[in-house]
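Q: The following file, start_30.cif, comprises mmCIF, C-alpha atoms:
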```cif
data_coords
loop_
_atom_site.label_atom_id
_atom_site.label_comp_id
_atom_site.auth_asym_id
_atom_site.auth_seq_id
_atom_site.Cartn_x
_atom_site.Cartn_y
_atom_site.Cartn_z
CA MET A 1 127.78 143.28 163.05
CA CYS A 2 128.70 139.66 162.34
CA SER A 3 132.33 139.03 161.54
CA CYS A 4 132.10 135.24 161.29
CA ASP A 5 134.12 133.77 158.42
CA HIS A 6 132.85 130.22 159.11
CA ASP A 7 136.38 129.04 159.95
CA CYS A 8 135.74 127.59 163.39
CA ALA A 9 139.22 126.07 163.66
CA SER A 10 140.87 129.49 163.84
CA CYS A 11 138.15 131.25 165.81
CA ALA A 12 138.99 132.64 169.26
CA GLN A 13 135.40 131.89 170.32
CA ALA A 14 135.45 128.25 169.25
CA GLY A 15 133.16 126.26 171.52
CA GLU A 16 131.47 129.38 172.88
CA CYS A 17 130.00 130.94 169.74
CA GLU A 18 126.21 130.89 169.48
CA LEU A 19 126.06 131.73 165.78
CA PRO A 20 124.71 129.11 163.35
CA HIS A 21 127.50 127.28 161.56
CA THR A 22 127.92 125.79 158.14
CA GLU A 23 125.95 122.58 157.90
CA LYS A 24 127.26 119.42 156.28
CA THR A 25 125.61 118.04 153.18
CA HIS A 26 124.33 114.49 152.87
CA GLU A 27 127.16 111.97 152.90
CA LEU A 28 126.46 111.13 149.26
CA SER A 29 126.52 114.76 148.14
CA ARG A 30 129.71 116.27 146.76
CA ILE A 31 129.13 119.92 145.88
CA LYS A 32 132.18 121.83 144.67
CA ARG A 33 130.94 125.42 144.29
CA VAL A 34 127.85 127.27 145.57
CA VAL A 35 126.58 130.55 144.13
CA ALA A 36 123.61 132.33 145.72
CA VAL A 37 121.51 134.68 143.59
CA VAL A 38 119.90 137.42 145.68
CA SER A 39 117.97 140.65 145.34
CA GLY A 40 116.94 143.47 147.59
CA LYS A 41 113.29 143.20 146.55
CA GLY A 42 110.97 140.96 144.60
CA GLY A 43 109.99 141.16 140.95
CA VAL A 44 113.43 141.94 139.53
CA GLY A 45 113.91 138.63 137.69
CA LYS A 46 116.16 136.89 140.20
CA SER A 47 114.81 133.42 139.41
CA ALA A 48 115.22 133.97 135.67
CA VAL A 49 118.85 134.99 136.20
CA THR A 50 119.37 131.89 138.39
CA ALA A 51 117.89 129.64 135.71
CA LEU A 52 119.84 131.24 132.85
CA LEU A 53 123.12 131.06 134.76
CA THR A 54 122.50 127.41 135.58
CA ALA A 55 121.73 126.66 131.94
CA ALA A 56 124.87 128.51 130.81
CA MET A 57 127.11 126.53 133.17
CA SER A 58 125.39 123.28 132.24
CA LYS A 59 126.08 123.97 128.55
CA LYS A 60 129.75 124.34 129.45
CA GLY A 61 129.67 120.71 130.49
CA TYR A 62 129.40 121.14 134.26
CA ARG A 63 127.10 119.15 136.52
CA CYS A 64 124.68 121.73 137.93
CA ALA A 65 121.91 121.92 140.48
CA VAL A 66 119.44 124.49 141.77
CA LEU A 67 118.35 124.75 145.38
CA ASP A 68 115.17 126.80 145.27
CA ALA A 69 115.23 128.67 148.58
CA ASP A 70 112.27 130.86 147.60
CA VAL A 71 109.91 128.54 149.45
CA THR A 72 106.78 130.70 149.33
CA GLY A 73 107.27 131.91 145.76
CA PRO A 74 108.96 129.06 143.88
CA SER A 75 109.28 129.40 140.11
CA ILE A 76 112.36 127.32 139.29
CA PRO A 77 110.48 124.03 138.63
CA LYS A 78 108.16 125.76 136.16
CA MET A 79 111.08 127.33 134.28
CA PHE A 80 112.86 123.99 133.94
CA GLY A 81 109.71 122.06 133.08
CA VAL A 82 109.81 119.71 136.08
CA SER A 83 106.86 118.73 138.26
CA GLY A 84 105.56 115.94 140.43
CA GLY A 85 106.76 114.53 143.69
CA VAL A 86 110.36 113.87 144.62
CA ALA A 87 111.63 110.34 145.11
CA GLY A 88 113.05 109.13 148.40
CA ASP A 89 114.18 106.02 150.23
CA GLU A 90 115.98 105.08 153.41
CA THR A 91 119.08 106.87 152.12
CA GLY A 92 117.44 110.26 151.62
CA ILE A 93 115.45 112.27 149.12
CA TYR A 94 116.56 112.96 145.58
CA PRO A 95 116.34 116.08 143.43
CA VAL A 96 114.21 116.04 140.31
CA LYS A 97 116.25 116.15 137.11
CA SER A 98 115.57 118.55 134.24
CA LYS A 99 115.84 117.60 130.57
CA SER A 100 119.57 118.30 130.57
CA GLY A 101 120.20 116.67 133.93
CA VAL A 102 120.12 119.69 136.27
CA GLY A 103 119.16 118.57 139.77
CA ILE A 104 116.34 120.66 141.26
CA MET A 105 114.83 120.78 144.74
CA SER A 106 111.94 123.12 145.47
CA SER A 107 108.98 123.35 147.81
CA ASN A 108 106.68 123.14 144.79
CA LEU A 109 107.93 119.60 144.15
CA LEU A 110 106.70 118.61 147.62
CA LEU A 111 103.15 119.95 147.28
CA GLU A 112 100.14 117.88 146.22
CA ASN A 113 99.13 120.73 143.91
CA GLU A 114 101.72 123.18 142.61
CA THR A 115 99.30 126.09 143.07
CA ASP A 116 98.81 125.39 146.80
CA PRO A 117 100.23 128.22 148.93
CA VAL A 118 102.96 127.62 151.48
CA VAL A 119 101.59 129.39 154.56
CA TRP A 120 104.43 128.96 157.01
CA ARG A 121 106.29 131.23 159.38
CA GLY A 122 109.90 132.22 158.79
CA PRO A 123 111.68 129.71 161.07
CA ILE A 124 109.87 126.75 159.46
CA ILE A 125 110.70 128.00 155.98
CA ALA A 126 114.33 128.51 156.97
CA GLY A 127 114.38 124.98 158.39
CA MET A 128 113.17 123.54 155.10
CA VAL A 129 115.89 125.37 153.19
CA LYS A 130 118.49 123.95 155.55
CA GLN A 131 117.06 120.45 154.99
CA PHE A 132 117.33 120.92 151.22
CA TRP A 133 121.06 121.30 151.84
CA THR A 134 121.58 118.59 154.47
CA ASP A 135 119.06 115.86 153.60
CA VAL A 136 118.91 115.82 149.80
CA VAL A 137 121.15 113.35 147.98
CA TRP A 138 122.56 115.79 145.42
CA GLY A 139 125.32 113.48 144.21
CA ASP A 140 128.24 115.01 142.31
CA VAL A 141 127.63 118.70 141.59
CA ASP A 142 130.16 121.10 140.10
CA TYR A 143 128.03 124.23 140.56
CA MET A 144 124.99 124.66 142.75
CA PHE A 145 122.92 127.83 142.36
CA ILE A 146 120.67 128.93 145.21
CA ASP A 147 117.65 131.01 144.26
CA CYS A 148 117.13 133.08 147.41
CA PRO A 149 113.91 134.93 148.24
CA PRO A 150 114.14 138.73 148.08
CA GLY A 151 115.28 140.84 150.99
CA THR A 152 117.59 140.26 153.93
CA GLY A 153 115.34 138.20 156.19
CA ASP A 154 115.30 134.70 157.68
CA VAL A 155 115.99 132.63 154.58
CA PRO A 156 118.92 134.59 153.09
CA LEU A 157 120.42 134.68 156.59
CA THR A 158 119.97 130.92 156.90
CA VAL A 159 121.63 130.40 153.52
CA PHE A 160 124.59 132.64 154.38
CA GLN A 161 125.13 131.15 157.85
CA SER A 162 124.32 127.49 157.22
CA ILE A 163 125.70 126.89 153.73
CA LYS A 164 129.26 127.49 152.62
CA VAL A 165 128.45 129.96 149.86
CA ASP A 166 131.40 130.70 147.56
CA GLY A 167 129.91 133.90 146.16
CA ILE A 168 126.71 135.80 145.49
CA ILE A 169 125.26 137.60 142.49
CA VAL A 170 122.92 140.51 143.15
CA VAL A 171 120.09 141.13 140.68
CA THR A 172 118.60 144.57 140.23
CA THR A 173 116.66 146.77 137.82
CA PRO A 174 117.60 150.31 136.76
CA GLN A 175 115.25 152.30 139.02
CA GLU A 176 116.76 154.52 141.70
CA LEU A 177 114.66 152.87 144.44
CA VAL A 178 115.86 149.38 143.52
CA SER A 179 119.47 150.51 143.40
CA MET A 180 119.12 151.76 146.97
CA ILE A 181 117.77 148.38 148.07
CA VAL A 182 120.61 146.62 146.26
CA GLU A 183 123.01 148.29 148.66
CA LYS A 184 121.26 146.50 151.51
CA ALA A 185 121.88 143.11 149.90
CA VAL A 186 125.53 143.93 149.16
CA LYS A 187 126.10 145.22 152.69
CA MET A 188 124.51 142.10 154.16
CA ALA A 189 126.87 139.93 152.13
CA ASN A 190 129.81 142.03 153.30
CA MET A 191 128.71 141.69 156.92
CA MET A 192 128.58 137.93 156.49
CA LYS A 193 131.97 137.92 154.71
CA ILE A 194 130.47 136.36 151.58
CA PRO A 195 132.26 137.38 148.35
CA VAL A 196 130.11 139.37 145.94
CA ILE A 197 130.78 138.23 142.38
CA GLY A 198 128.96 141.17 140.81
CA LEU A 199 125.66 142.75 139.83
CA VAL A 200 123.22 141.85 137.06
CA GLU A 201 120.81 144.50 135.82
CA ASN A 202 117.58 142.98 134.53
CA MET A 203 114.88 144.77 132.49
CA SER A 204 117.66 147.12 131.48
CA TYR A 205 116.26 148.13 128.09
CA VAL A 206 114.09 147.10 125.17
CA VAL A 207 115.17 146.80 121.58
CA CYS A 208 113.00 148.67 119.07
CA PRO A 209 111.64 146.07 116.62
CA GLY A 210 111.71 148.68 113.85
CA CYS A 211 115.16 150.30 114.01
CA GLY A 212 116.99 148.03 116.47
CA ASP A 213 117.88 150.90 118.84
CA LYS A 214 118.07 150.25 122.59
CA ILE A 215 115.54 152.16 124.66
CA ASP A 216 116.33 152.67 128.36
CA ILE A 217 112.81 152.66 129.79
CA PHE A 218 113.91 153.33 133.37
CA GLY A 219 116.96 155.43 132.55
CA SER A 220 120.56 154.31 132.84
CA GLY A 221 123.67 154.66 134.95
CA LYS A 222 122.19 153.91 138.38
CA THR A 223 123.40 150.32 138.59
CA GLU A 224 126.82 151.35 137.28
CA LYS A 225 127.11 153.86 140.12
CA THR A 226 126.18 151.23 142.69
CA ALA A 227 128.70 148.77 141.22
CA GLU A 228 131.40 151.44 141.22
CA LYS A 229 130.61 152.42 144.80
CA PHE A 230 131.32 148.88 146.02
CA GLY A 231 134.09 148.10 143.56
CA LEU A 232 132.03 145.39 141.87
CA PRO A 233 131.69 144.43 138.21
CA LEU A 234 128.40 144.90 136.38
CA LEU A 235 128.24 141.40 134.92
CA ALA A 236 125.37 141.85 132.49
CA LYS A 237 122.45 143.97 131.35
CA LEU A 238 119.45 141.90 130.38
CA PRO A 239 116.73 143.46 128.20
CA TYR A 240 113.04 142.79 128.17
CA ASP A 241 113.23 139.73 125.94
CA LYS A 242 110.14 137.77 124.87
CA VAL A 243 112.34 134.75 124.21
CA ILE A 244 113.19 134.45 127.91
CA ALA A 245 109.57 134.87 128.96
CA ASP A 246 108.28 132.34 126.43
CA SER A 247 111.00 129.81 127.30
CA SER A 248 110.17 130.14 131.00
CA ASP A 249 106.46 129.68 130.37
CA ARG A 250 107.14 126.56 128.28
CA GLY A 251 109.45 125.11 130.92
CA ASP A 252 112.33 125.21 128.47
CA ILE A 253 114.62 127.86 129.93
CA GLU A 254 117.60 125.58 129.27
CA ASN A 255 117.10 126.07 125.54
CA ALA A 256 116.30 129.78 125.49
CA GLY A 257 119.35 130.34 123.29
CA VAL A 258 120.25 133.75 124.76
CA HIS A 259 123.79 134.71 125.73
CA TYR A 260 123.37 137.73 128.02
CA LEU A 261 125.03 135.96 130.95
CA ASP A 262 127.96 134.38 129.13
CA VAL A 263 130.44 136.80 130.72
CA ALA A 264 129.02 136.08 134.18
CA ALA A 265 129.33 132.35 133.50
CA ASP A 266 132.94 132.81 132.40
CA ILE A 267 133.75 134.72 135.59
CA ILE A 268 132.16 132.02 137.75
CA GLU A 269 134.10 129.38 135.84
CA SER A 270 137.36 131.26 136.25
CA GLY A 271 137.34 130.88 140.02
CA LEU A 272 134.83 133.15 141.78
CA PRO A 273 136.76 136.35 142.60
CA VAL A 274 136.86 137.42 146.21
CA ASN A 275 135.58 140.96 146.71
CA ILE A 276 134.73 141.73 150.33
CA ASP A 277 133.92 145.25 151.52
CA GLY A 278 134.78 146.55 148.05
CA LYS A 279 138.47 145.72 148.50
#
```
Would you encode the structure as structure tokens?

A:
Amino acid sequence: MCSCDHDCASCAQAGECELPHTEKTHELSRIKRVVAVVSGKGGVGKSAVTALLTAAMSKKGYRCAVLDADVTGPSIPKMFGVSGGVAGDETGIYPVKSKSGVGIMSSNLLLENETDPVVWRGPIIAGMVKQFWTDVVWGDVDYMFIDCPPGTGDVPLTVFQSIKVDGIIVVTTPQELVSMIVEKAVKMANMMKIPVIGLVENMSYVVCPGCGDKIDIFGSGKTEKTAEKFGLPLLAKLPYDKVIADSSDRGDIENAGVHYLDVAADIIESGLPVNIDGK
């Protein structure tokens, strides 16, 4: 089990440790806070939560950016309506800006055709993610959100060990199986000594268009139990909402006009609570 807290100055193994260490950003990048959005499995809406959180913080007046670490399944550029190649010069490469000024870097922005697959092995993908952090000229950023690929493999490990992450948000859906996998993501964060901000339950319910009642398609209470087990807040429950889907398809997620993640945004703004090992 890794007990590294990334504080090399106070480490008894300084100079002898073989673990990867936090990498420095480009000299022209000044990033104040980093929040990674993770999930135990794919298809739970992690990228949508990342995009909505970014939009919420941007609307508060903060300078925001998204590092799309889901190299083989990138969807952030589509949601924000950005495309085309990135610009670069002798200084470095620059993120593409969304309509509201959110800086975005994604593998899809480096491909000749956005539908081309990225057929790379794990170490190469992890290396690209690290370069997004070290080589991109992000400029002044108040909040960077990292959209991690699902699971606990190479890329999330690279993010946790190479980037000074201030906190993570775990996205789940109400099914029992997904809740079990969520525990893996939370435990990985605890092993890496990364504070867990809380859980977000996506696809939580649908609202009946006739009577307005909430219908729990997959049942309820499972995510609450997981949150309680680890002493974490359940930050939000997002329904199936056509507005989110349509806004994502149009590349206009910044103007979706939904407020499901306002509480999560307020918590992030208030200072990113430290909650390690459920204590």

Q: Give me, please, the distance in Å between atom CA of A:Asp154 and atom CA of A:Leu53, quoted to one decimal.

A: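 Result for atom CA of A:Asp154 versus atom CA of A:Leu53: 24.5 Å, one decimal.
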
Q: One number please: atom CA of A:Phe218 to atom CA of A:Met203, in Å, one decimal.

A: 8.7 Å

Q: For a quick check of understanding, using all atoms listed in the file, which of A:Ile268, A:Ala189, A:Val182, A:Val96 has the smallest distance to A:Val34?

A: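 Among the listed residues, A:Ile268 lies closest to A:Val34.
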
Q: In terms of the shortest atom-to-atom distance over all atoms listed in the file, which of A:Asp241, A:Asp89, A:Asp116, A:Asp68 is closest to A:Pro156?

A: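 Nearest to A:Pro156: A:Asp68.
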
Q: Which of these, A:Gly42, A:Gly271, A:Pro95, A:Pro150, has the shortest distance to A:Ser29 once you count all atoms listed in the file?

A: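 Ranking A:Gly42, A:Gly271, A:Pro95, A:Pro150 by distance to A:Ser29, first place goes to A:Pro95.
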
Q: Report as a list in words the residues that result from applying the PyMOL selection byres ((chain A and resi 67) around 6) to the structure here.

A: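 Applying the PyMOL selection byres ((chain A and resi 67) around 6) to the structure shown produces Val66, Asp68, Ala69, Met105 and Ile146 of chain A.
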
Q: Just the selected residues (C-alpha atoms), exported as a compact mmCIF listing (two decimals), in the frame of the given file, please.

A:
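What landed in again_32.txt:
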```txt
# COMPACT_ATOMS: atom_id res chain seq x y z
CA VAL A 66 119.44 124.49 141.77
CA ASP A 68 115.17 126.80 145.27
CA ALA A 69 115.23 128.67 148.58
CA MET A 105 114.83 120.78 144.74
CA ILE A 146 120.67 128.93 145.21
```

Q: Given only C-alpha atoms as the basis, pick out the residue of A:Gly122, A:Gly198, A:Gly84, A:Pro74 nearest to A:Ala264.

A: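 The closest residue to A:Ala264 is A:Gly198.
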
Q: I would like the residues chosen by the PyMOL selection byres ((chain A and resi 58) around 10) on the shown file; could you give them as an mmCIF file with C-alpha atoms, in the frame of the given file?

A:
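Saved result, selection19.cif, follows:
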```
data_model
loop_
_atom_site.group_PDB
_atom_site.id
_atom_site.type_symbol
_atom_site.label_atom_id
_atom_site.label_comp_id
_atom_site.auth_asym_id
_atom_site.auth_seq_id
_atom_site.Cartn_x
_atom_site.Cartn_y
_atom_site.Cartn_z
ATOM 1 C CA LEU A 52 119.840 131.240 132.850
ATOM 2 C CA LEU A 53 123.120 131.060 134.760
ATOM 3 C CA THR A 54 122.500 127.410 135.580
ATOM 4 C CA ALA A 55 121.730 126.660 131.940
ATOM 5 C CA ALA A 56 124.870 128.510 130.810
ATOM 6 C CA MET A 57 127.110 126.530 133.170
ATOM 7 C CA LYS A 59 126.080 123.970 128.550
ATOM 8 C CA LYS A 60 129.750 124.340 129.450
ATOM 9 C CA GLY A 61 129.670 120.710 130.490
ATOM 10 C CA TYR A 62 129.400 121.140 134.260
ATOM 11 C CA ARG A 63 127.100 119.150 136.520
ATOM 12 C CA CYS A 64 124.680 121.730 137.930
ATOM 13 C CA ALA A 65 121.910 121.920 140.480
ATOM 14 C CA SER A 100 119.570 118.300 130.570
ATOM 15 C CA GLY A 101 120.200 116.670 133.930
ATOM 16 C CA VAL A 102 120.120 119.690 136.270
ATOM 17 C CA ASP A 142 130.160 121.100 140.100
ATOM 18 C CA TYR A 143 128.030 124.230 140.560
ATOM 19 C CA GLU A 254 117.600 125.580 129.270
ATOM 20 C CA ALA A 265 129.330 132.350 133.500
#
```

Q: Applying the PyMOL selection byres ((chain A and resi 117) around 12) to the file I just gave you, which residues come out? Please list them as a list in words.

A: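 Taken over the shown coordinates, the PyMOL selection byres ((chain A and resi 117) around 12) returns Val71, Thr72, Gly73, Pro74, Ser107, Asn108, Leu110, Leu111, Glu112, Asn113, Glu114, Thr115, Asp116, Val118, Val119 and Trp120 of chain A.
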
Q: Please check which residues have atoms at most 9 Å from (120.9, 105.3, 151.8) in the file's coordinates, counting only C-alpha atoms, and write them as a ChimeraX atom specification.

A: /A:28,89-92,137

Q: Report, in Å with one decimal, the straight-line distance from atom CA of A:Tyr205 to atom CA of A:Ser220.

A: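 The value is 8.9 Å.
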
Q: Excluding A:Val200 and its own-chain neighbours fewer than 5 positions away, which residues fall within 9 Å of it when counting only C-alpha atoms? Please give them as JSON, numbers by chain.

A: {"A": [49, 169, 170, 171, 172, 173, 223, 233, 234, 235, 236, 237, 238, 261, 264]}

Q: Using all atoms listed in the file for the distances, tell me which of A:Gly219, A:Gly167, A:Gly210, A:Pro239 is nearest to A:Val196.

A: A:Gly167

Q: The centre and edge lengths of an axis-aligned box containing all atoms of stretch 206-211 of chain A present in the file, extended by 5 Å on each side, are to be given in Å to one decimal, as AutoDock Vina command-line options.

A:
```
--center_x 113.4 --center_y 148.2 --center_z 119.5 --size_x 13.5 --size_y 14.2 --size_z 21.3
```

Q: When distances are computed from only C-alpha atoms, which of A:Gly231, A:Arg30, A:Val37, A:Ala87 shows the smallest separation from A:Asp166?

A: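 Among the listed residues, A:Val37 lies closest to A:Asp166.
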
Q: Is it possible to add N, CA and C atoms to stretch 83-97 of chain A and hand it back as a CSV table (one decimal), keeping the file's coordinate frame?

A:
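What ended up in out_11.csv:
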```csv
chain,number,residue,atom,x,y,z
A,83,SER,N,108.0,118.7,137.4
A,83,SER,CA,106.9,118.7,138.3
A,83,SER,C,106.8,117.4,138.9
A,84,GLY,N,105.8,117.2,139.8
A,84,GLY,CA,105.6,115.9,140.4
A,84,GLY,C,106.3,115.8,141.7
A,85,GLY,N,106.1,114.7,142.4
A,85,GLY,CA,106.8,114.5,143.7
A,85,GLY,C,108.2,114.1,143.6
A,86,VAL,N,109.0,114.3,144.6
A,86,VAL,CA,110.4,113.9,144.6
A,86,VAL,C,110.4,112.4,145.1
A,87,ALA,N,111.4,111.7,144.7
A,87,ALA,CA,111.6,110.3,145.1
A,87,ALA,C,112.5,110.3,146.4
A,88,GLY,N,112.3,109.3,147.2
A,88,GLY,CA,113.0,109.1,148.4
A,88,GLY,C,113.1,107.7,148.9
A,89,ASP,N,114.1,107.3,149.6
A,89,ASP,CA,114.2,106.0,150.2
A,89,ASP,C,114.9,106.1,151.6
A,90,GLU,N,115.4,105.0,152.1
A,90,GLU,CA,116.0,105.1,153.4
A,90,GLU,C,117.3,105.9,153.4
A,91,THR,N,117.8,106.1,152.2
A,91,THR,CA,119.1,106.9,152.1
A,91,THR,C,118.8,108.4,152.2
A,92,GLY,N,117.8,108.8,151.6
A,92,GLY,CA,117.4,110.3,151.6
A,92,GLY,C,116.4,110.6,150.5
A,93,ILE,N,116.3,111.8,150.2
A,93,ILE,CA,115.4,112.3,149.1
A,93,ILE,C,116.3,112.8,148.0
A,94,TYR,N,115.8,112.7,146.8
A,94,TYR,CA,116.6,113.0,145.6
A,94,TYR,C,116.0,114.1,144.8
A,95,PRO,N,116.8,115.0,144.2
A,95,PRO,CA,116.3,116.1,143.4
A,95,PRO,C,115.7,115.6,142.1
A,96,VAL,N,114.8,116.3,141.6
A,96,VAL,CA,114.2,116.0,140.3
A,96,VAL,C,115.2,116.5,139.2
A,97,LYS,N,115.3,115.8,138.2
A,97,LYS,CA,116.2,116.2,137.1
A,97,LYS,C,115.5,116.8,136.0
```
